[in-house]
Every structure is written in C-alpha cells, then in structure tokens.
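Here is coords-v4.cif, consisting of mmCIF, C-alpha atoms:
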data_coords
loop_
_atom_site.label_atom_id
_atom_site.label_comp_id
_atom_site.auth_asym_id
_atom_site.auth_seq_id
_atom_site.Cartn_x
_atom_site.Cartn_y
_atom_site.Cartn_z
CA MET A 1 -154.57 4.02 122.13
CA ALA A 2 -155.68 4.57 125.73
CA ASP A 3 -157.59 7.75 126.46
CA ASP A 4 -154.89 9.10 128.77
CA GLN A 5 -152.17 8.79 126.16
CA PRO A 6 -151.17 11.95 124.29
CA SER A 7 -152.20 12.15 120.65
CA ARG A 8 -149.79 13.42 118.03
CA TYR A 9 -150.98 14.92 114.80
CA VAL A 10 -149.15 15.08 111.52
CA GLY A 11 -149.28 18.21 109.49
CA GLY A 12 -148.79 21.89 110.04
CA ALA A 13 -148.95 25.01 108.02
CA GLY A 14 -145.44 25.34 106.67
CA PRO A 15 -143.16 28.32 107.29
CA ALA A 16 -144.08 30.70 110.06
CA SER A 17 -145.79 33.88 108.99
CA GLN A 18 -144.17 37.16 109.93
CA ARG A 19 -146.91 39.70 110.47
CA GLU A 20 -145.83 43.32 110.46
CA GLY A 21 -145.97 45.09 113.80
CA VAL A 22 -146.18 41.83 115.70
CA LEU A 23 -143.72 41.38 118.56
CA GLN A 24 -141.68 38.22 117.99
CA GLN A 25 -141.19 36.09 121.12
CA PRO A 26 -139.42 33.03 119.71
CA ASP A 27 -138.62 31.49 123.09
CA THR A 28 -141.96 32.07 124.76
CA LEU A 29 -144.66 29.51 125.43
CA LEU A 30 -148.20 30.84 125.70
CA VAL A 31 -150.34 28.90 128.19
CA ILE A 32 -154.06 29.36 127.54
CA ASP A 33 -156.10 27.93 130.40
CA ASP A 34 -158.77 29.40 132.67
CA ASP A 35 -157.67 27.37 135.70
CA LEU A 36 -154.87 29.11 137.57
CA SER A 37 -153.58 25.90 139.13
CA ILE A 38 -153.21 24.28 135.69
CA CYS A 39 -151.61 27.48 134.39
CA THR A 40 -149.09 27.37 137.20
CA MET A 41 -148.35 23.70 136.55
CA LEU A 42 -147.91 24.24 132.80
CA GLU A 43 -145.72 27.28 133.43
CA LYS A 44 -143.39 25.20 135.58
CA ILE A 45 -143.22 22.43 132.98
CA GLY A 46 -142.66 24.99 130.22
CA GLU A 47 -139.82 26.58 132.15
CA LYS A 48 -138.23 23.17 132.69
CA ALA A 49 -138.42 22.66 128.91
CA GLY A 50 -136.48 25.89 128.41
CA PHE A 51 -139.26 28.35 127.55
CA ALA A 52 -140.14 31.70 128.97
CA VAL A 53 -143.86 31.45 129.70
CA GLN A 54 -146.81 33.79 129.41
CA ARG A 55 -150.37 32.96 130.37
CA ALA A 56 -153.82 33.86 129.10
CA VAL A 57 -156.80 32.87 131.24
CA SER A 58 -159.60 33.77 128.84
CA LEU A 59 -160.47 33.88 125.17
CA ALA A 60 -160.27 37.69 125.23
CA GLU A 61 -156.83 37.71 126.83
CA ALA A 62 -155.54 35.06 124.43
CA SER A 63 -156.93 36.93 121.41
CA THR A 64 -155.22 40.15 122.47
CA LEU A 65 -151.87 38.47 123.06
CA LEU A 66 -152.02 36.50 119.82
CA ARG A 67 -152.69 39.66 117.82
CA GLU A 68 -149.82 41.49 119.51
CA ARG A 69 -147.14 38.83 119.64
CA ARG A 70 -145.86 35.71 118.01
CA PHE A 71 -145.03 32.79 120.29
CA ALA A 72 -142.84 29.72 119.89
CA CYS A 73 -145.58 27.37 121.07
CA MET A 74 -148.88 27.38 122.91
CA THR A 75 -150.91 25.05 125.07
CA LEU A 76 -154.66 25.35 124.68
CA ASP A 77 -157.41 24.28 127.05
CA LEU A 78 -160.66 23.44 125.27
CA GLY A 79 -162.80 24.80 128.10
CA LEU A 80 -162.29 28.51 128.74
CA GLY A 81 -165.12 29.40 131.11
CA THR A 82 -168.17 30.02 128.98
CA ASN A 83 -166.00 30.02 125.85
CA SER A 84 -164.39 27.17 123.97
CA GLY A 85 -160.78 26.66 122.98
CA VAL A 86 -162.07 26.14 119.44
CA GLU A 87 -162.75 29.88 119.42
CA VAL A 88 -159.02 30.40 119.94
CA LEU A 89 -158.41 28.17 116.92
CA ASN A 90 -160.66 30.53 114.95
CA VAL A 91 -158.50 33.47 116.02
CA LEU A 92 -155.34 31.58 115.04
CA ALA A 93 -156.82 30.80 111.62
CA GLU A 94 -157.82 34.43 111.14
CA LEU A 95 -154.20 35.42 111.89
CA ALA A 96 -152.80 32.63 109.67
CA CYS A 97 -150.78 31.66 112.71
CA THR A 98 -148.35 28.76 112.34
CA THR A 99 -147.32 28.47 115.98
CA PRO A 100 -147.39 24.85 117.20
CA VAL A 101 -150.46 24.19 119.35
CA ILE A 102 -150.73 21.54 122.07
CA ILE A 103 -154.29 20.85 123.14
CA ILE A 104 -154.67 20.06 126.83
CA SER A 105 -158.13 19.23 128.07
CA GLY A 106 -160.09 17.21 130.57
CA SER A 107 -162.60 16.52 127.80
CA GLN A 108 -162.93 13.08 126.28
CA ARG A 109 -160.36 12.01 123.73
CA SER A 110 -162.95 12.22 120.95
CA MET A 111 -163.47 15.91 121.75
CA ARG A 112 -159.73 16.56 121.70
CA ASP A 113 -159.35 14.73 118.39
CA PHE A 114 -162.31 16.66 116.99
CA ALA A 115 -160.72 19.99 117.99
CA ALA A 116 -157.40 18.88 116.48
CA ALA A 117 -159.17 17.96 113.25
CA ILE A 118 -160.83 21.37 113.14
CA GLY A 119 -157.40 22.93 113.64
CA GLY A 120 -155.99 20.81 110.83
CA ASN A 121 -158.77 21.90 108.50
CA MET A 122 -157.86 25.48 109.33
CA HIS A 123 -154.23 24.71 108.37
CA LEU A 124 -153.07 25.21 111.95
CA ASP A 125 -150.10 23.34 113.39
CA VAL A 126 -151.77 21.20 116.07
CA ARG A 127 -148.91 19.02 117.24
CA ALA A 128 -150.39 16.94 120.02
CA SER A 129 -153.19 16.68 122.55
CA PHE A 130 -153.05 15.61 126.17
CA GLY A 131 -155.86 14.52 128.43
CA LYS A 132 -155.97 15.10 132.16
CA PRO A 133 -154.28 14.05 134.32
CA ILE A 134 -151.43 15.34 132.18
CA ASP A 135 -148.49 13.05 131.55
CA PHE A 136 -145.81 15.47 132.75
CA ALA A 137 -142.84 13.63 131.26
CA LYS A 138 -144.42 13.31 127.81
CA LEU A 139 -145.59 16.90 127.79
CA LYS A 140 -142.13 18.10 128.77
CA ALA A 141 -140.56 15.93 126.04
CA THR A 142 -143.00 17.36 123.45
CA LEU A 143 -142.17 20.91 124.53
CA VAL A 144 -138.42 20.24 124.42
CA GLU A 145 -138.80 18.82 120.90
CA ILE A 146 -140.72 21.89 119.73
CA LYS A 147 -138.16 24.19 121.36
CA GLN A 148 -135.29 22.40 119.66
CA THR A 149 -137.05 22.37 116.29
CA SER A 150 -137.90 26.07 116.42
CA GLY A 151 -134.34 26.89 117.51
CA ALA A 152 -132.92 24.88 114.59
CA GLN A 153 -135.31 26.60 112.15
CA ARG A 154 -134.22 30.03 113.42
CA GLU A 155 -130.56 29.10 113.03
CA ALA A 156 -131.20 27.90 109.48
CA VAL A 157 -132.98 31.16 108.62
CA THR A 158 -130.15 33.19 110.18
CA ALA A 159 -127.51 31.20 108.29
CA ALA A 160 -129.38 31.65 105.02
CA MET B 1 -180.44 8.37 139.10
CA SER B 2 -176.75 8.09 139.81
CA THR B 3 -174.85 11.00 141.22
CA ALA B 4 -171.06 11.03 141.15
CA VAL B 5 -169.37 7.67 141.42
CA SER B 6 -170.80 4.74 143.31
CA PRO B 7 -169.65 4.38 146.93
CA GLY B 8 -167.89 1.15 146.01
CA ILE B 9 -165.72 2.87 143.45
CA ALA B 10 -165.14 5.91 145.65
CA GLN B 11 -163.87 3.78 148.50
CA ARG B 12 -161.25 2.19 146.27
CA ILE B 13 -159.82 5.55 145.20
CA CYS B 14 -157.46 7.40 147.50
CA ASP B 15 -158.01 11.03 148.44
CA LEU B 16 -154.51 12.14 147.44
CA ASP B 17 -152.28 9.94 145.32
CA ASN B 18 -148.80 9.99 146.85
CA ALA B 19 -147.28 8.89 143.55
CA THR B 20 -148.56 12.01 141.79
CA PHE B 21 -147.07 14.18 144.50
CA GLU B 22 -143.76 12.35 144.24
CA THR B 23 -143.75 12.63 140.43
CA LEU B 24 -144.33 16.36 140.66
CA VAL B 25 -141.55 16.73 143.21
CA ALA B 26 -139.22 14.68 140.98
CA GLU B 27 -140.08 16.73 137.86
CA LEU B 28 -140.32 20.19 139.37
CA GLY B 29 -138.84 20.13 142.87
CA LEU B 30 -140.50 20.36 146.29
CA GLU B 31 -140.71 24.14 146.44
CA ASP B 32 -142.48 24.49 143.07
CA THR B 33 -144.73 21.53 143.84
CA VAL B 34 -145.84 23.01 147.15
CA GLN B 35 -146.44 26.36 145.43
CA MET B 36 -148.55 24.66 142.74
CA PHE B 37 -150.62 22.83 145.35
CA SER B 38 -151.21 26.13 147.16
CA VAL B 39 -152.60 27.63 143.94
CA PHE B 40 -154.64 24.50 143.32
CA PHE B 41 -156.20 24.52 146.80
CA ALA B 42 -157.03 28.22 146.52
CA GLU B 43 -158.72 27.62 143.14
CA ALA B 44 -160.52 24.50 144.34
CA ASP B 45 -161.79 26.38 147.41
CA LYS B 46 -163.35 28.94 145.08
CA ARG B 47 -164.88 26.26 142.84
CA LEU B 48 -166.42 24.45 145.81
CA THR B 49 -167.78 27.74 147.14
CA ARG B 50 -169.32 28.50 143.75
CA LEU B 51 -170.82 25.00 143.58
CA ARG B 52 -172.35 25.57 147.04
CA GLU B 53 -173.89 28.81 145.81
CA LEU B 54 -175.46 27.13 142.78
CA SER B 55 -178.77 25.31 142.75
CA CYS B 56 -179.86 22.39 140.61
CA GLU B 57 -181.47 24.73 138.10
CA ASN B 58 -177.99 25.94 137.11
CA GLY B 59 -177.00 22.75 135.32
CA ASP B 60 -174.62 24.37 132.83
CA ALA B 61 -172.75 26.28 135.53
CA ILE B 62 -172.55 23.17 137.72
CA ALA B 63 -171.18 21.17 134.78
CA ARG B 64 -168.60 23.88 134.05
CA GLU B 65 -167.36 24.08 137.64
CA ALA B 66 -167.39 20.30 138.03
CA HIS B 67 -165.46 19.89 134.76
CA GLY B 68 -162.79 22.31 135.94
CA LEU B 69 -162.52 20.62 139.30
CA LYS B 70 -162.33 17.18 137.66
CA GLY B 71 -159.38 18.22 135.52
CA SER B 72 -157.35 20.11 138.08
CA ALA B 73 -157.98 17.62 140.89
CA GLY B 74 -156.93 14.78 138.61
CA ASN B 75 -153.72 16.58 137.74
CA PHE B 76 -152.84 17.04 141.38
CA GLY B 77 -153.58 13.45 142.33
CA LEU B 78 -156.89 14.03 144.11
CA GLN B 79 -158.37 11.02 142.40
CA LYS B 80 -161.53 10.68 144.43
CA VAL B 81 -162.37 14.38 144.11
CA SER B 82 -161.75 14.09 140.37
CA GLU B 83 -164.04 11.05 140.05
CA LEU B 84 -166.77 12.64 142.16
CA ALA B 85 -166.55 15.83 140.12
CA ALA B 86 -166.73 13.79 136.89
CA GLY B 87 -169.94 12.19 138.12
CA LEU B 88 -171.37 15.57 139.04
CA GLU B 89 -170.43 16.99 135.64
CA GLN B 90 -172.19 14.09 133.94
CA ASP B 91 -175.36 14.44 136.01
CA ALA B 92 -175.35 18.24 136.32
CA ARG B 93 -178.37 18.90 134.12
CA THR B 94 -180.61 16.26 135.69
CA VAL B 95 -179.49 16.13 139.31
CA THR B 96 -182.12 16.45 142.04
CA PRO B 97 -181.59 18.77 145.03
CA ALA B 98 -181.04 15.84 147.40
CA CYS B 99 -178.53 14.16 145.10
CA TYR B 100 -176.76 17.48 144.51
CA GLU B 101 -176.41 18.02 148.23
CA ALA B 102 -175.09 14.48 148.67
CA ALA B 103 -172.59 14.93 145.83
CA LEU B 104 -171.29 18.21 147.25
CA HIS B 105 -171.01 16.67 150.70
CA SER B 106 -168.95 13.76 149.31
CA LEU B 107 -166.74 16.18 147.38
CA GLU B 108 -166.11 18.32 150.44
CA ILE B 109 -165.25 15.34 152.63
CA SER B 110 -162.77 13.89 150.14
CA TYR B 111 -161.28 17.30 149.43
CA ALA B 112 -160.76 17.98 153.14
CA ALA B 113 -159.12 14.56 153.56
CA ALA B 114 -156.80 15.25 150.62
CA ARG B 115 -155.79 18.62 152.05
CA GLN B 116 -154.99 16.95 155.35
CA GLN B 117 -152.97 14.29 153.56
CA PHE B 118 -151.09 16.96 151.59
CA ALA B 119 -150.19 18.80 154.79
CA GLY B 120 -148.58 15.58 156.00
CA LEU B 121 -146.68 15.05 152.74
CA ALA B 122 -145.46 18.64 152.44
CA GLY B 123 -144.33 18.63 156.05
#

Would you mind giving the structure from this file in structure tokens?
Amino acid sequence: MADDQPSRYVGGAGPASQREGVLQQPDTLLVIDDDLSICTMLEKIGEKAGFAVQRAVSLAEASTLLRERRFACMTLDLGLGTNSGVEVLNVLAELACTTPVIIISGSQRSMRDFAAAIGGNMHLDVRASFGKPIDFAKLKATLVEIKQTSGAQREAVTAA
Amino acid sequence: MSTAVSPGIAQRICDLDNATFETLVAELGLEDTVQMFSVFFAEADKRLTRLRELSCENGDAIAREAHGLKGSAGNFGLQKVSELAAGLEQDARTVTPACYEAALHSLEISYAAARQQFAGLAG
C-alpha cells in the first residue's frame, strides 16, 4: 500500500467502559493535535461528518479531557510538541478507554503502524491511521462510519 | 551535505497546489477554507519566526518545527514548502550554518509565493 493511503486496523477492546463520574459525550470528536491549523481543518471535517468537536493541543490538555469525559472518537497526532502521541495511548490504556482512535501524523508510515501496534497491544481501539497530506474524503468517510456505528450501538443498548 | 530538496526537484513542485485548494472548497466550502488558510498562515508565520530564532546547535527544535511545517504545509497544498521543510527536518541535526541559512531562505521565498498565490485564489 502506498505511504499516503490510510491504514485500517482490525481489533478493538470490546464494549465501551462506563467510568463513574465521567461526562459522556457520545457525539463528540476529540481532536488531539498541537498544530492549530490542522486542528481547525480536522474540526471542520469532523463537523461535516456529524460530530461536535473539541480540541486538545497538548498531552496535558488531552489527559485532562480524557479523564473528565468520554468521547465518541478521537484523532491523535503522534507529534505533540516535545511529547509523543504514544504518551496519549498510555493515558488511554490507563483509563481502559475503548474510544475509537484515528492516528493522523506526518511521520513515516512505519511509525504510524508502530504506534497502532502499540495501541493494539494495549487493547485500544485504533481504527485507522492517516499520513499527511490527509485524504479528506477518506477521513470523512471513516468518521461517518464510526459515527454511524456508535449511534447504532447506543440504540441497541437503549432498546435492550 | 544535502539540505532540503535539490533545486531540480524544488523547481518541479508548485508553491500552492490549486487542486488542494479546490478540494478543500468542495469539501468544506469557500468560507471555511479561507478561515483554515488564515489559521495556517498565522501558525506558519510563527514557525518560520521560531526557525529564524534557532541556530544550528538546536537540531531537535529545528527538526520539531520543520516536521510541523512539513505536515501542515502539505495539508494545505504548499508542496514546495512541505518538501523543503522535510529536507530540513531530515538534516536538522547535522546542518551547517550556511546550509541552514540557505534552507530558511528557500522556505521563506516559497512560502511568500504561496501566500501571494492564495491571495489570488481567495479573491
């Protein structure tokens, strides 16, 4: 597969955990990226896919939000200033978070695949990774699919 | 030692890819696209300023700024800036002062050309 093609990963961590005292935001996409222009771009794409969007521009900000709230999906940049997106994966693992993660990074494909593998080993739900430049149409389609899946899962839980 | 991309490659890459701009307008609309470019240019201005303030001894910081610029510029269709930044990121820890100055100069020229081209596209 060409380096600029998105990667999709099979797996996931099963049913979403429901931590006590955690604000549920089932229609919100969390964008984790330290570049404001990329944040803005991802916010627009997320909105087009039907999400409300929140951003975190640092590891600290992402950690705080992830401990306070539960999101429907998140995009994760692997370079967060002097920190790494892998550190966010550590936080997600600590929280036993099952939110779908989309890795978006200007790093080489091997680095993205490596991060996705780390996430898989941590039983995280890493759904796909995108290189830069981002394929807008494919990213939007991936987000729409996640939105539809999470909506269907909620309906099933409600019906049960 | 090589710094950034070779002149031959750089000359074949446009400063601002019209197709990227058109794709963004088609996906997100003109107003949102123009707003995104405004944020991008503001961020890129800051990155270029920080790169100017750095010296060759700050290889890690140069690589970090160049990596960020590579990714965001590529997303917004500034192909030449993205390629030049990629070269700078690659060479950041070994670049000489003269090569660093040349790389920054090339980046600034292509970036300025892209901004001018964007002004024409955005009307």

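Among A:Met122, A:Ala56, A:Val86, A:Leu36, the residue with the shortest atom-to-atom distance to Arg47 of chain B, counting only C-alpha atoms, is A:Leu36.
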
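Using the PyMOL selection byres ((chain B) within 8 of (chain A)) on the file at hand returns these residues: Glu27, Leu28, Asp32, Met36, Phe37, Val39, Phe40, Glu43, Arg64, His67, Gly68, Lys70, Gly71, Ser72, Gly74, Asn75 and Phe76 of chain B.
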
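The space separating atom CA of Thr158 of chain A from atom CA of Cys73 of chain A comes to 19.8 Å.
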
Requested in this report: Excluding Cys56 of chain B and residues on its chain fewer than 6 positions from it, collect all residues at most 12 Å away from it, counting only C-alpha atoms, and give them as a PyMOL selection string.
Outcome: chain B and resi 62-63+88-89+91-101+103-104

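Polymer residues near (-161.5, 36.9, 127.4): counting only C-alpha atoms with a cut-off of 12 Å, they are Ile32, Asp33, Asp34, Ala56, Val57, Ser58, Leu59, Ala60, Glu61, Ala62, Ser63, Thr64, Leu65, Leu80, Gly81, Thr82, Asn83, Ser84, Gly85, Glu87 and Val88 of chain A.
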
Answer key for the PyMOL selection byres ((chain A and resi 103) around 12), residues as a PDB file with C-alpha atoms, keeping the file's coordinate frame:
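Result file is result09.pdb:
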ATOM      1  CA  PRO A   6    -151.170  11.950 124.290  1.00  0.00           C
ATOM      2  CA  SER A   7    -152.200  12.150 120.650  1.00  0.00           C
ATOM      3  CA  ARG A   8    -149.790  13.420 118.030  1.00  0.00           C
ATOM      4  CA  TYR A   9    -150.980  14.920 114.800  1.00  0.00           C
ATOM      5  CA  LEU A  30    -148.200  30.840 125.700  1.00  0.00           C
ATOM      6  CA  VAL A  31    -150.340  28.900 128.190  1.00  0.00           C
ATOM      7  CA  ILE A  32    -154.060  29.360 127.540  1.00  0.00           C
ATOM      8  CA  ASP A  33    -156.100  27.930 130.400  1.00  0.00           C
ATOM      9  CA  CYS A  73    -145.580  27.370 121.070  1.00  0.00           C
ATOM     10  CA  MET A  74    -148.880  27.380 122.910  1.00  0.00           C
ATOM     11  CA  THR A  75    -150.910  25.050 125.070  1.00  0.00           C
ATOM     12  CA  LEU A  76    -154.660  25.350 124.680  1.00  0.00           C
ATOM     13  CA  ASP A  77    -157.410  24.280 127.050  1.00  0.00           C
ATOM     14  CA  LEU A  78    -160.660  23.440 125.270  1.00  0.00           C
ATOM     15  CA  GLY A  79    -162.800  24.800 128.100  1.00  0.00           C
ATOM     16  CA  SER A  84    -164.390  27.170 123.970  1.00  0.00           C
ATOM     17  CA  GLY A  85    -160.780  26.660 122.980  1.00  0.00           C
ATOM     18  CA  VAL A  86    -162.070  26.140 119.440  1.00  0.00           C
ATOM     19  CA  VAL A  88    -159.020  30.400 119.940  1.00  0.00           C
ATOM     20  CA  LEU A  89    -158.410  28.170 116.920  1.00  0.00           C
ATOM     21  CA  PRO A 100    -147.390  24.850 117.200  1.00  0.00           C
ATOM     22  CA  VAL A 101    -150.460  24.190 119.350  1.00  0.00           C
ATOM     23  CA  ILE A 102    -150.730  21.540 122.070  1.00  0.00           C
ATOM     24  CA  ILE A 104    -154.670  20.060 126.830  1.00  0.00           C
ATOM     25  CA  SER A 105    -158.130  19.230 128.070  1.00  0.00           C
ATOM     26  CA  GLY A 106    -160.090  17.210 130.570  1.00  0.00           C
ATOM     27  CA  SER A 107    -162.600  16.520 127.800  1.00  0.00           C
ATOM     28  CA  ARG A 109    -160.360  12.010 123.730  1.00  0.00           C
ATOM     29  CA  MET A 111    -163.470  15.910 121.750  1.00  0.00           C
ATOM     30  CA  ARG A 112    -159.730  16.560 121.700  1.00  0.00           C
ATOM     31  CA  ASP A 113    -159.350  14.730 118.390  1.00  0.00           C
ATOM     32  CA  PHE A 114    -162.310  16.660 116.990  1.00  0.00           C
ATOM     33  CA  ALA A 115    -160.720  19.990 117.990  1.00  0.00           C
ATOM     34  CA  ALA A 116    -157.400  18.880 116.480  1.00  0.00           C
ATOM     35  CA  ALA A 117    -159.170  17.960 113.250  1.00  0.00           C
ATOM     36  CA  ILE A 118    -160.830  21.370 113.140  1.00  0.00           C
ATOM     37  CA  GLY A 119    -157.400  22.930 113.640  1.00  0.00           C
ATOM     38  CA  ASP A 125    -150.100  23.340 113.390  1.00  0.00           C
ATOM     39  CA  VAL A 126    -151.770  21.200 116.070  1.00  0.00           C
ATOM     40  CA  ARG A 127    -148.910  19.020 117.240  1.00  0.00           C
ATOM     41  CA  ALA A 128    -150.390  16.940 120.020  1.00  0.00           C
ATOM     42  CA  SER A 129    -153.190  16.680 122.550  1.00  0.00           C
ATOM     43  CA  PHE A 130    -153.050  15.610 126.170  1.00  0.00           C
ATOM     44  CA  GLY A 131    -155.860  14.520 128.430  1.00  0.00           C
ATOM     45  CA  LYS A 132    -155.970  15.100 132.160  1.00  0.00           C
ATOM     46  CA  ILE A 134    -151.430  15.340 132.180  1.00  0.00           C
ATOM     47  CA  LEU A 139    -145.590  16.900 127.790  1.00  0.00           C
ATOM     48  CA  THR A 142    -143.000  17.360 123.450  1.00  0.00           C
TER      49      THR A 142
END

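Applied to this file, the PyMOL selection byres ((chain A and resi 22-26) around 10) selects Gln18, Arg19, Glu20, Gly21, Asp27, Thr28, Leu29, Leu30, Phe51, Ala52, Leu65, Leu66, Arg67, Glu68, Arg69, Arg70, Phe71, Ala72, Cys73, Thr99, Lys147, Ser150, Gly151 and Arg154 of chain A.
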
Write the residues of the selection above to a file with C-alpha atoms, as an mmCIF file, in the frame of the given file.
data_model
loop_
_atom_site.group_PDB
_atom_site.id
_atom_site.type_symbol
_atom_site.label_atom_id
_atom_site.label_comp_id
_atom_site.auth_asym_id
_atom_site.auth_seq_id
_atom_site.Cartn_x
_atom_site.Cartn_y
_atom_site.Cartn_z
ATOM 1 C CA GLN A 18 -144.170 37.160 109.930
ATOM 2 C CA ARG A 19 -146.910 39.700 110.470
ATOM 3 C CA GLU A 20 -145.830 43.320 110.460
ATOM 4 C CA GLY A 21 -145.970 45.090 113.800
ATOM 5 C CA ASP A 27 -138.620 31.490 123.090
ATOM 6 C CA THR A 28 -141.960 32.070 124.760
ATOM 7 C CA LEU A 29 -144.660 29.510 125.430
ATOM 8 C CA LEU A 30 -148.200 30.840 125.700
ATOM 9 C CA PHE A 51 -139.260 28.350 127.550
ATOM 10 C CA ALA A 52 -140.140 31.700 128.970
ATOM 11 C CA LEU A 65 -151.870 38.470 123.060
ATOM 12 C CA LEU A 66 -152.020 36.500 119.820
ATOM 13 C CA ARG A 67 -152.690 39.660 117.820
ATOM 14 C CA GLU A 68 -149.820 41.490 119.510
ATOM 15 C CA ARG A 69 -147.140 38.830 119.640
ATOM 16 C CA ARG A 70 -145.860 35.710 118.010
ATOM 17 C CA PHE A 71 -145.030 32.790 120.290
ATOM 18 C CA ALA A 72 -142.840 29.720 119.890
ATOM 19 C CA CYS A 73 -145.580 27.370 121.070
ATOM 20 C CA THR A 99 -147.320 28.470 115.980
ATOM 21 C CA LYS A 147 -138.160 24.190 121.360
ATOM 22 C CA SER A 150 -137.900 26.070 116.420
ATOM 23 C CA GLY A 151 -134.340 26.890 117.510
ATOM 24 C CA ARG A 154 -134.220 30.030 113.420
#

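One distance worth recording is that between atom CA of His123 of chain A and atom CA of Ile146 of chain A, which is 17.9 Å.
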
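Note that the spacing between atom CA of Leu54 of chain B and atom CA of Ala73 of chain B amounts to 20.0 Å.
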
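Compared by their closest atoms to Val81 of chain B, and using only C-alpha atoms, the residues B:Leu121, B:Ala61, B:Leu48, B:Val34 rank with B:Leu48 nearest.
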
Query - Near-Asn18 of chain B list (10 Å; only C-alpha atoms; drop same-chain fewer than 2 positions) as a PyMOL selection string - result: chain B and resi 14-16+20-24+76-78+117-118+121

Kindly export the residues of the current selection with C-alpha atoms, as a PDB file, keeping the file's coordinate frame.
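Now in out39.pdb:
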ATOM      1  CA  CYS B  14    -157.460   7.400 147.500  1.00  0.00           C
ATOM      2  CA  ASP B  15    -158.010  11.030 148.440  1.00  0.00           C
ATOM      3  CA  LEU B  16    -154.510  12.140 147.440  1.00  0.00           C
ATOM      4  CA  THR B  20    -148.560  12.010 141.790  1.00  0.00           C
ATOM      5  CA  PHE B  21    -147.070  14.180 144.500  1.00  0.00           C
ATOM      6  CA  GLU B  22    -143.760  12.350 144.240  1.00  0.00           C
ATOM      7  CA  THR B  23    -143.750  12.630 140.430  1.00  0.00           C
ATOM      8  CA  LEU B  24    -144.330  16.360 140.660  1.00  0.00           C
ATOM      9  CA  PHE B  76    -152.840  17.040 141.380  1.00  0.00           C
ATOM     10  CA  GLY B  77    -153.580  13.450 142.330  1.00  0.00           C
ATOM     11  CA  LEU B  78    -156.890  14.030 144.110  1.00  0.00           C
ATOM     12  CA  GLN B 117    -152.970  14.290 153.560  1.00  0.00           C
ATOM     13  CA  PHE B 118    -151.090  16.960 151.590  1.00  0.00           C
ATOM     14  CA  LEU B 121    -146.680  15.050 152.740  1.00  0.00           C
TER      15      LEU B 121
END

Return segment 59-71 of chain B, completed with N, CA and C atoms, as an mmCIF file, in the coordinates of the input.
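result35.cif written:
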data_model
loop_
_atom_site.group_PDB
_atom_site.id
_atom_site.type_symbol
_atom_site.label_atom_id
_atom_site.label_comp_id
_atom_site.auth_asym_id
_atom_site.auth_seq_id
_atom_site.Cartn_x
_atom_site.Cartn_y
_atom_site.Cartn_z
ATOM 1 N N GLY B 59 -177.710 23.938 135.795
ATOM 2 C CA GLY B 59 -177.000 22.750 135.320
ATOM 3 C C GLY B 59 -175.720 23.061 134.538
ATOM 4 N N ASP B 60 -175.798 24.050 133.649
ATOM 5 C CA ASP B 60 -174.620 24.370 132.830
ATOM 6 C C ASP B 60 -173.466 24.867 133.702
ATOM 7 N N ALA B 61 -173.796 25.735 134.647
ATOM 8 C CA ALA B 61 -172.750 26.280 135.530
ATOM 9 C C ALA B 61 -172.172 25.187 136.418
ATOM 10 N N ILE B 62 -173.033 24.298 136.906
ATOM 11 C CA ILE B 62 -172.550 23.170 137.720
ATOM 12 C C ILE B 62 -171.606 22.301 136.886
ATOM 13 N N ALA B 63 -172.015 22.017 135.660
ATOM 14 C CA ALA B 63 -171.180 21.170 134.780
ATOM 15 C C ALA B 63 -169.829 21.837 134.530
ATOM 16 N N ARG B 64 -169.844 23.146 134.324
ATOM 17 C CA ARG B 64 -168.600 23.880 134.050
ATOM 18 C C ARG B 64 -167.657 23.827 135.250
ATOM 19 N N GLU B 65 -168.197 24.099 136.436
ATOM 20 C CA GLU B 65 -167.360 24.080 137.640
ATOM 21 C C GLU B 65 -166.867 22.658 137.931
ATOM 22 N N ALA B 66 -167.755 21.697 137.768
ATOM 23 C CA ALA B 66 -167.390 20.300 138.030
ATOM 24 C C ALA B 66 -166.320 19.836 137.040
ATOM 25 N N HIS B 67 -166.454 20.255 135.790
ATOM 26 C CA HIS B 67 -165.460 19.890 134.760
ATOM 27 C C HIS B 67 -164.083 20.447 135.135
ATOM 28 N N GLY B 68 -164.067 21.696 135.556
ATOM 29 C CA GLY B 68 -162.790 22.310 135.940
ATOM 30 C C GLY B 68 -162.166 21.610 137.139
ATOM 31 N N LEU B 69 -163.017 21.291 138.105
ATOM 32 C CA LEU B 69 -162.520 20.620 139.300
ATOM 33 C C LEU B 69 -162.027 19.213 138.965
ATOM 34 N N LYS B 70 -162.743 18.529 138.103
ATOM 35 C CA LYS B 70 -162.330 17.180 137.660
ATOM 36 C C LYS B 70 -160.921 17.212 137.086
ATOM 37 N N GLY B 71 -160.679 18.152 136.195
ATOM 38 C CA GLY B 71 -159.380 18.220 135.520
ATOM 39 C C GLY B 71 -158.250 18.596 136.454
#
